[in-house]
>>> print(open('run38.tsv').read())   # TSV, C-alpha atoms and all ligand atoms
chain	number	residue	atom	x	y	z
A	1	MET	CA	64.93	38.04	20.77
A	2	ALA	CA	64.51	34.29	21.44
A	3	SER	CA	66.02	32.03	18.81
A	4	PRO	CA	63.69	29.63	16.96
A	5	GLN	CA	62.71	26.47	18.82
A	6	TYR	CA	63.23	24.30	15.77
A	7	ARG	CA	66.61	23.63	14.16
A	8	LEU	CA	67.09	21.67	10.99
A	9	VAL	CA	70.42	19.96	10.47
A	10	TYR	CA	70.92	19.11	6.82
A	11	TRP	CA	73.62	19.34	4.14
A	12	PRO	CA	74.00	22.86	2.72
A	13	GLY	CA	73.82	23.22	-1.06
A	14	ILE	CA	71.10	20.69	-1.96
A	15	PRO	CA	67.36	20.51	-1.19
A	16	GLY	CA	67.67	16.76	-0.47
A	17	ARG	CA	65.61	15.06	2.20
A	18	GLY	CA	65.79	18.20	4.33
A	19	GLU	CA	63.41	19.86	1.89
A	20	HIS	CA	60.38	17.97	3.19
A	21	ILE	CA	60.98	19.45	6.62
A	22	ARG	CA	61.61	22.95	5.24
A	23	LEU	CA	58.34	22.86	3.30
A	24	VAL	CA	56.45	22.08	6.52
A	25	PHE	CA	58.09	24.99	8.33
A	26	GLU	CA	57.47	27.34	5.40
A	27	GLU	CA	53.84	26.28	4.92
A	28	THR	CA	53.06	26.78	8.62
A	29	SER	CA	55.20	29.94	9.04
A	30	THR	CA	57.11	28.16	11.81
A	31	PRO	CA	60.42	29.88	12.66
A	32	TYR	CA	63.44	27.58	12.21
A	33	THR	CA	67.17	27.71	11.78
A	34	ASP	CA	68.77	25.70	9.01
A	35	THR	CA	72.38	24.53	8.66
A	36	ALA	CA	71.95	25.27	4.95
A	37	THR	CA	72.09	28.97	5.75
A	38	THR	CA	74.35	29.24	8.81
A	39	SER	CA	78.08	29.85	8.51
A	40	ASP	CA	79.01	26.77	10.57
A	41	GLY	CA	76.32	24.64	8.87
A	42	LEU	CA	78.57	22.18	7.06
A	43	ASP	CA	80.71	21.60	10.16
A	44	ARG	CA	77.62	20.87	12.22
A	45	VAL	CA	76.34	18.33	9.69
A	46	LEU	CA	79.75	16.68	9.41
A	47	ALA	CA	80.01	16.44	13.20
A	48	TYR	CA	76.81	14.33	13.22
A	49	VAL	CA	77.68	12.22	10.18
A	50	GLN	CA	81.17	11.50	11.53
A	51	GLY	CA	79.78	10.62	14.97
A	52	ASN	CA	81.57	13.48	16.73
A	53	VAL	CA	78.55	14.98	18.49
A	54	PRO	CA	78.72	13.79	22.12
A	55	ASP	CA	75.89	11.54	23.28
A	56	ASP	CA	73.56	13.23	25.75
A	57	ASN	CA	71.98	10.34	27.72
A	58	ILE	CA	68.47	11.26	26.56
A	59	ASN	CA	68.34	11.21	22.77
A	60	PRO	CA	69.62	8.17	20.86
A	61	PRO	CA	72.38	9.51	18.57
A	62	PRO	CA	71.17	10.02	14.98
A	63	LEU	CA	72.99	8.32	12.09
A	64	ALA	CA	72.30	10.75	9.26
A	65	PRO	CA	70.58	14.01	8.38
A	66	PRO	CA	67.91	15.29	8.19
A	67	ILE	CA	68.00	15.82	11.94
A	68	LEU	CA	65.49	17.93	13.83
A	69	GLN	CA	66.36	19.62	17.10
A	70	HIS	CA	63.47	20.93	19.15
A	71	LEU	CA	64.34	23.18	22.07
A	72	ALA	CA	61.84	23.00	24.94
A	73	ASP	CA	62.95	26.54	25.84
A	74	PRO	CA	64.40	28.71	23.07
A	75	ASN	CA	66.68	30.44	25.59
A	76	ASN	CA	68.11	27.23	26.98
A	77	ASP	CA	70.18	24.80	24.94
A	78	THR	CA	70.16	22.00	27.51
A	79	ASN	CA	66.66	20.60	26.98
A	80	VAL	CA	66.69	19.55	23.34
A	81	THR	CA	64.80	16.72	21.65
A	82	THR	CA	66.73	15.30	18.71
A	83	ILE	CA	64.83	13.30	16.09
A	84	SER	CA	66.03	11.77	12.81
A	85	GLN	CA	64.53	9.99	9.75
A	86	THR	CA	62.55	12.21	7.37
A	87	SER	CA	59.14	10.68	7.83
A	88	ASN	CA	59.59	10.39	11.57
A	89	ILE	CA	60.45	14.10	11.78
A	90	LEU	CA	57.30	14.89	9.81
A	91	LEU	CA	55.22	12.82	12.24
A	92	TYR	CA	56.82	14.62	15.17
A	93	LEU	CA	56.02	18.00	13.65
A	94	ALA	CA	52.48	16.90	12.85
A	95	THR	CA	51.94	16.28	16.56
A	96	HIS	CA	53.66	19.49	17.73
A	97	LEU	CA	52.49	22.12	15.24
A	98	PRO	CA	48.93	23.48	15.58
A	99	PRO	CA	46.36	20.70	15.00
A	100	GLY	CA	44.97	20.85	11.47
A	101	SER	CA	47.93	22.74	10.02
A	102	ILE	CA	49.61	19.73	8.38
A	103	ALA	CA	47.51	16.81	9.68
A	104	PRO	CA	44.05	16.29	11.15
A	105	ASP	CA	43.73	16.55	14.92
A	106	PRO	CA	44.30	13.02	16.38
A	107	LYS	CA	41.37	13.66	18.74
A	108	THR	CA	38.97	13.72	15.80
A	109	ASP	CA	40.81	11.25	13.52
A	110	PRO	CA	43.16	8.99	15.52
A	111	ASN	CA	44.33	6.99	12.47
A	112	ALA	CA	45.10	9.96	10.23
A	113	LEU	CA	48.76	10.30	11.23
A	114	PHE	CA	49.40	6.68	10.34
A	115	TYR	CA	47.64	6.96	6.98
A	116	LEU	CA	49.63	10.09	6.21
A	117	ASN	CA	52.85	8.41	7.28
A	118	SER	CA	52.13	5.46	4.96
A	119	LEU	CA	51.59	7.84	2.08
A	120	ALA	CA	54.72	9.87	2.84
A	121	LEU	CA	56.86	6.74	3.22
A	122	THR	CA	55.53	5.35	-0.06
A	123	ALA	CA	56.34	8.58	-1.90
A	124	LEU	CA	59.82	8.60	-0.37
A	125	ASP	CA	60.38	4.95	-1.34
A	126	GLY	CA	59.40	5.24	-5.00
A	127	LEU	CA	59.96	8.87	-5.84
A	128	SER	CA	63.03	9.67	-3.73
A	129	ASN	CA	64.99	6.55	-2.73
A	130	GLU	CA	64.57	4.82	-6.08
A	131	PRO	CA	65.56	7.91	-8.13
A	132	HIS	CA	68.64	8.21	-5.89
A	133	ASP	CA	69.49	4.60	-6.68
A	134	CYS	CA	69.28	5.36	-10.41
A	135	HIS	CA	72.60	7.20	-10.17
A	136	HIS	CA	73.93	4.95	-7.38
A	137	PRO	CA	72.65	1.45	-8.25
A	138	ILE	CA	75.72	-0.43	-7.01
A	139	ALA	CA	76.82	1.56	-3.96
A	140	SER	CA	76.09	4.94	-2.39
A	141	GLY	CA	79.77	5.20	-1.52
A	142	LEU	CA	80.93	4.96	-5.15
A	143	TYR	CA	80.84	7.84	-7.65
A	144	TYR	CA	78.21	7.85	-10.39
A	145	GLU	CA	81.10	7.69	-12.85
A	146	ASP	CA	82.03	4.29	-11.38
A	147	GLN	CA	78.60	2.79	-12.05
A	148	LYS	CA	77.39	4.35	-15.29
A	149	PRO	CA	76.30	1.22	-17.22
A	150	GLU	CA	74.30	-0.04	-14.23
A	151	SER	CA	72.82	3.45	-13.74
A	152	LEU	CA	71.56	3.48	-17.31
A	153	ARG	CA	69.90	0.08	-16.87
A	154	LYS	CA	68.34	1.13	-13.59
A	155	ALA	CA	67.12	4.51	-14.90
A	156	ASP	CA	65.64	2.89	-18.00
A	157	ASN	CA	63.64	0.44	-15.88
A	158	TYR	CA	62.72	3.21	-13.44
A	159	VAL	CA	61.14	5.53	-15.99
A	160	ARG	CA	59.37	2.73	-17.86
A	161	VAL	CA	58.17	0.56	-14.94
A	162	ARG	CA	58.62	2.00	-11.45
A	163	LEU	CA	57.77	5.66	-12.05
A	164	PRO	CA	54.39	4.89	-13.70
A	165	LYS	CA	53.69	2.35	-10.95
A	166	PHE	CA	54.11	5.01	-8.24
A	167	LEU	CA	52.29	7.72	-10.22
A	168	GLY	CA	49.47	5.22	-10.79
A	169	TYR	CA	49.38	4.36	-7.10
A	170	PHE	CA	48.97	8.00	-6.06
A	171	GLU	CA	46.37	8.55	-8.79
A	172	ARG	CA	44.46	5.63	-7.27
A	173	VAL	CA	44.78	7.12	-3.77
A	174	LEU	CA	43.45	10.45	-5.03
A	175	GLY	CA	40.54	8.65	-6.75
A	176	SER	CA	39.63	6.68	-3.61
A	177	GLY	CA	36.91	7.62	-1.14
A	178	ALA	CA	39.55	8.05	1.57
A	179	SER	CA	41.01	10.99	-0.31
A	180	GLY	CA	37.78	12.88	0.24
A	181	GLY	CA	37.41	14.48	-3.19
A	182	GLY	CA	40.71	13.91	-4.99
A	183	LYS	CA	42.37	17.27	-4.47
A	184	TRP	CA	44.46	16.15	-1.46
A	185	LEU	CA	45.69	12.68	-0.55
A	186	TYR	CA	43.67	12.14	2.59
A	187	GLY	CA	40.38	13.22	4.13
A	188	GLY	CA	39.70	16.18	1.86
A	189	LYS	CA	42.33	18.24	3.69
A	190	PHE	CA	45.82	19.40	2.87
A	191	SER	CA	48.55	17.58	4.85
A	192	PHE	CA	52.28	16.98	5.09
A	193	ALA	CA	51.85	13.95	2.81
A	194	ASP	CA	50.80	16.34	0.01
A	195	LEU	CA	53.98	18.34	0.59
A	196	VAL	CA	56.07	15.16	0.38
A	197	LEU	CA	54.41	14.07	-2.87
A	198	PHE	CA	54.90	17.57	-4.29
A	199	GLN	CA	58.59	17.65	-3.39
A	200	CYS	CA	59.24	14.13	-4.68
A	201	LEU	CA	57.52	14.87	-7.99
A	202	ASP	CA	59.40	18.14	-8.29
A	203	GLY	CA	62.69	16.28	-7.91
A	204	VAL	CA	61.73	13.56	-10.37
A	205	LYS	CA	60.67	16.26	-12.87
A	206	PHE	CA	64.15	17.76	-12.57
A	207	MET	CA	65.87	14.41	-12.94
A	208	PHE	CA	63.76	12.83	-15.69
A	209	PRO	CA	62.07	15.76	-17.50
A	210	LYS	CA	61.34	13.77	-20.67
A	211	ALA	CA	59.60	10.93	-18.85
A	212	VAL	CA	57.61	13.17	-16.53
A	213	SER	CA	56.41	15.51	-19.27
A	214	LYS	CA	55.31	12.50	-21.36
A	215	TYR	CA	53.32	11.09	-18.44
A	216	GLU	CA	51.85	14.52	-17.75
A	217	ARG	CA	50.82	14.98	-21.42
A	218	GLU	CA	49.17	11.56	-21.51
A	219	GLY	CA	46.71	12.61	-18.80
A	220	THR	CA	46.67	9.23	-17.02
A	221	TYR	CA	47.86	10.76	-13.77
A	222	ALA	CA	45.91	14.02	-13.98
A	223	LYS	CA	45.01	14.12	-10.27
A	224	VAL	CA	48.67	13.70	-9.24
A	225	PHE	CA	49.77	16.58	-11.47
A	226	ALA	CA	46.83	18.70	-10.26
A	227	LEU	CA	47.97	18.10	-6.65
A	228	TYR	CA	51.48	19.17	-7.62
A	229	GLN	CA	50.06	22.39	-9.07
A	230	ALA	CA	47.78	22.99	-6.08
A	231	VAL	CA	50.67	22.66	-3.61
A	232	SER	CA	52.84	25.02	-5.66
A	233	GLU	CA	50.01	27.59	-5.60
A	234	ARG	CA	49.64	27.64	-1.83
A	235	PRO	CA	50.67	31.20	-0.96
A	236	LYS	CA	53.43	30.34	1.53
A	237	ILE	CA	54.85	27.69	-0.76
A	238	THR	CA	54.81	29.98	-3.82
A	239	GLU	CA	56.64	32.62	-1.82
A	240	TYR	CA	59.18	30.11	-0.53
A	241	LEU	CA	59.86	28.58	-3.95
A	242	LYS	CA	60.76	32.05	-5.26
A	243	SER	CA	63.00	32.85	-2.27
A	244	SER	CA	66.74	32.29	-1.89
A	245	ARG	CA	65.97	29.77	0.86
A	246	ARG	CA	64.88	27.31	-1.84
A	247	GLN	CA	68.14	25.72	-2.95
A	248	LYS	CA	68.74	24.49	-6.48
A	249	TYR	CA	69.06	20.82	-7.32
A	250	SER	CA	72.68	19.83	-7.91
A	251	ASP	CA	74.60	16.81	-6.65
A	252	GLY	CA	72.00	15.41	-4.28
A	253	ILE	CA	69.24	12.84	-4.55
A	254	TYR	CA	67.86	14.41	-7.71
A	255	ARG	CA	70.54	14.97	-10.37
A	256	TYR	CA	70.31	15.72	-14.04
A	257	TYR	CA	72.38	13.47	-16.29
A	258	GLU	CA	71.46	13.85	-19.95
A	259	GLU	CA	72.22	10.19	-20.65
A	260	LEU	CA	69.69	9.12	-18.00
A	261	ASP	CA	66.98	11.50	-19.25
A	262	ILE	CA	65.16	8.72	-21.07
A	263	GLU	CA	61.86	9.14	-22.95
A	264	PRO	CA	59.83	6.01	-22.12
A	301	LIG	N1	66.02	7.05	5.64
A	301	LIG	C1	66.76	8.22	6.04
A	301	LIG	C2	67.92	8.41	5.09
A	301	LIG	C3	68.92	9.40	5.62
A	301	LIG	C4	70.05	9.64	4.64
A	301	LIG	O1	70.40	8.77	3.82
A	301	LIG	N2	70.64	10.83	4.70
A	301	LIG	C5	71.67	11.21	3.77
A	301	LIG	C6	71.42	12.59	3.25
A	301	LIG	S1	69.88	12.70	2.41
A	301	LIG	C7	73.02	11.17	4.44
A	301	LIG	O2	73.63	12.19	4.69
A	301	LIG	N3	73.50	9.98	4.70
A	301	LIG	C8	74.79	9.79	5.30
A	301	LIG	C9	75.13	8.33	5.35
A	301	LIG	O3	74.26	7.50	5.02
A	301	LIG	O4	76.26	8.04	5.69
A	301	LIG	C10	65.82	9.44	6.03
A	301	LIG	O5	64.79	9.42	5.35
A	301	LIG	O6	66.06	10.41	6.75
>>> encode(input="run38.tsv", output="structure tokens", more="lines below")
Ligand SMILES: N[C@@H](CCC(=O)N[C@@H](CS)C(=O)NCC(=O)O)C(=O)O
Amino acid sequence: MASPQYRLVYWPGIPGRGEHIRLVFEETSTPYTDTATTSDGLDRVLAYVQGNVPDDNINPPPLAPPILQHLADPNNDTNVTTISQTSNILLYLATHLPPGSIAPDPKTDPNALFYLNSLALTALDGLSNEPHDCHHPIASGLYYEDQKPESLRKADNYVRVRLPKFLGYFERVLGSGASGGGKWLYGGKFSFADLVLFQCLDGVKFMFPKAVSKYEREGTYAKVFALYQAVSERPKITEYLKSSRRQKYSDGIYRYYEELDIEP
């Protein structure tokens, strides 16, 4: 049997940024391999991060995972496209998976991919990168334990100021005419940007449960929480979330520290 044409290279043991790519594969029933579940997975990720994967004269070498490898021919390892950067990988998949599955067909809506990319990048900025910086406000290379006072300051500001700003922004997007009805972010149709917002909110819920449940109870961001629910109820996503392929949050971007679980 031919092996899958898509390979995801990402750290085993955490959902992390790789999760956005997994959700696309799961939603579209696209076969993929994942270093999270292969025996040599960690070694393969380390080889990329440490710069030990030989350059191939076609693909610029990636700096960090997630990394997508797309084999032109599943039986031939020599013709492989290698793409990095989460949102860039999502754009690539949006143009290679069946039109309409995670983005409108560019023939009918040429700007859609760029709108969706803006929305995905904005969610990743405010609901993924900034939460990460709450436990690493001084340096990514230092342990959380080496930057605890600064983390507390950052997390306090995040849950009081930045989190409601980003929730409010996406509520506004969902209330705009461009959303096409307010169920999905753009054009009245489900897209990869909805998956990104879902995953980001899921991580923030894990990291700051007190803040998120307060904002949910208040009802100010009802459309955002309804989108979260609607994504989780998509049959393929529900099935995936229950499966062993869905890894638990631990020491990745989204971490639970009781002292940072602040009620705004
Ligand atoms: N902006 C990049 C960030 C990539 C990134 O920071 N990857 C992390 C894992 S989520 C990593 O392993 N970084 C290694 C490093 O920065 O040295 C993306 O969205 O893909």
>>> atom_distance(input="run38.tsv", atom1="atom O5 of ligand LIG 301 (chain A)", atom2="CA of Val159 (chain A)")
22.0 Å
>>> residues_near_ligand(input="run38.tsv", ligand="ligand LIG 301 (chain A)", cutoff="9 Å", atoms="only C-alpha atoms and all ligand atoms", output="ChimeraX atom specification")
/A:10-11,15-18,45-46,49-50,63-67,84-89,121,124,129,140-141,252-253
>>> residues_around(input="run38.tsv", residues="region 101-111 of chain A", least_positions_apart="3", cutoff="9 Å", atoms="all atoms listed in the file", output="PDB file with C-alpha atoms, in the coordinates of the input")
ATOM      1  CA  VAL A  24      56.450  22.080   6.520  1.00  0.00           C
ATOM      2  CA  GLU A  27      53.840  26.280   4.920  1.00  0.00           C
ATOM      3  CA  THR A  28      53.060  26.780   8.620  1.00  0.00           C
ATOM      4  CA  LEU A  93      56.020  18.000  13.650  1.00  0.00           C
ATOM      5  CA  ALA A  94      52.480  16.900  12.850  1.00  0.00           C
ATOM      6  CA  THR A  95      51.940  16.280  16.560  1.00  0.00           C
ATOM      7  CA  LEU A  97      52.490  22.120  15.240  1.00  0.00           C
ATOM      8  CA  PRO A  98      48.930  23.480  15.580  1.00  0.00           C
ATOM      9  CA  PHE A 114      49.400   6.680  10.340  1.00  0.00           C
ATOM     10  CA  TYR A 115      47.640   6.960   6.980  1.00  0.00           C
ATOM     11  CA  LEU A 116      49.630  10.090   6.210  1.00  0.00           C
ATOM     12  CA  GLY A 187      40.380  13.220   4.130  1.00  0.00           C
ATOM     13  CA  LYS A 189      42.330  18.240   3.690  1.00  0.00           C
ATOM     14  CA  PHE A 190      45.820  19.400   2.870  1.00  0.00           C
ATOM     15  CA  SER A 191      48.550  17.580   4.850  1.00  0.00           C
ATOM     16  CA  PHE A 192      52.280  16.980   5.090  1.00  0.00           C
ATOM     17  CA  ALA A 193      51.850  13.950   2.810  1.00  0.00           C
TER      18      ALA A 193
END
>>> atom_distance(input="run38.tsv", atom1="CA of Glu218 (chain A)", atom2="CA of Leu163 (chain A)")
14.1 Å
>>> closest_residue(input="run38.tsv", among="A:Tyr92, A:Tyr169, A:Tyr32, A:Tyr256", to="Leu197 (chain A)", atoms="all atoms listed in the file")
A:Tyr169
>>> atom_distance(input="run38.tsv", atom1="CA of Arg7 (chain A)", atom2="CA of Asp34 (chain A)")
6.0 Å
>>> residues_around(input="run38.tsv", residues="Tyr221 (chain A)", least_positions_apart="5", cutoff="10 Å", atoms="only C-alpha atoms", output="MDAnalysis selection string")
chainID A and resid 164 167:172 174 215:216 226
>>> write_last_selection(input="run38.tsv", atoms="C-alpha atoms", output="PDB file, in the frame of the given file")
ATOM      1  CA  PRO A 164      54.390   4.890 -13.700  1.00  0.00           C
ATOM      2  CA  LEU A 167      52.290   7.720 -10.220  1.00  0.00           C
ATOM      3  CA  GLY A 168      49.470   5.220 -10.790  1.00  0.00           C
ATOM      4  CA  TYR A 169      49.380   4.360  -7.100  1.00  0.00           C
ATOM      5  CA  PHE A 170      48.970   8.000  -6.060  1.00  0.00           C
ATOM      6  CA  GLU A 171      46.370   8.550  -8.790  1.00  0.00           C
ATOM      7  CA  ARG A 172      44.460   5.630  -7.270  1.00  0.00           C
ATOM      8  CA  LEU A 174      43.450  10.450  -5.030  1.00  0.00           C
ATOM      9  CA  TYR A 215      53.320  11.090 -18.440  1.00  0.00           C
ATOM     10  CA  GLU A 216      51.850  14.520 -17.750  1.00  0.00           C
ATOM     11  CA  ALA A 226      46.830  18.700 -10.260  1.00  0.00           C
TER      12      ALA A 226
END
>>> closest_residue(input="run38.tsv", among="A:Thr220, A:Tyr6, A:Ser29, A:Gly126", to="Glu239 (chain A)", atoms="only C-alpha atoms")
A:Ser29
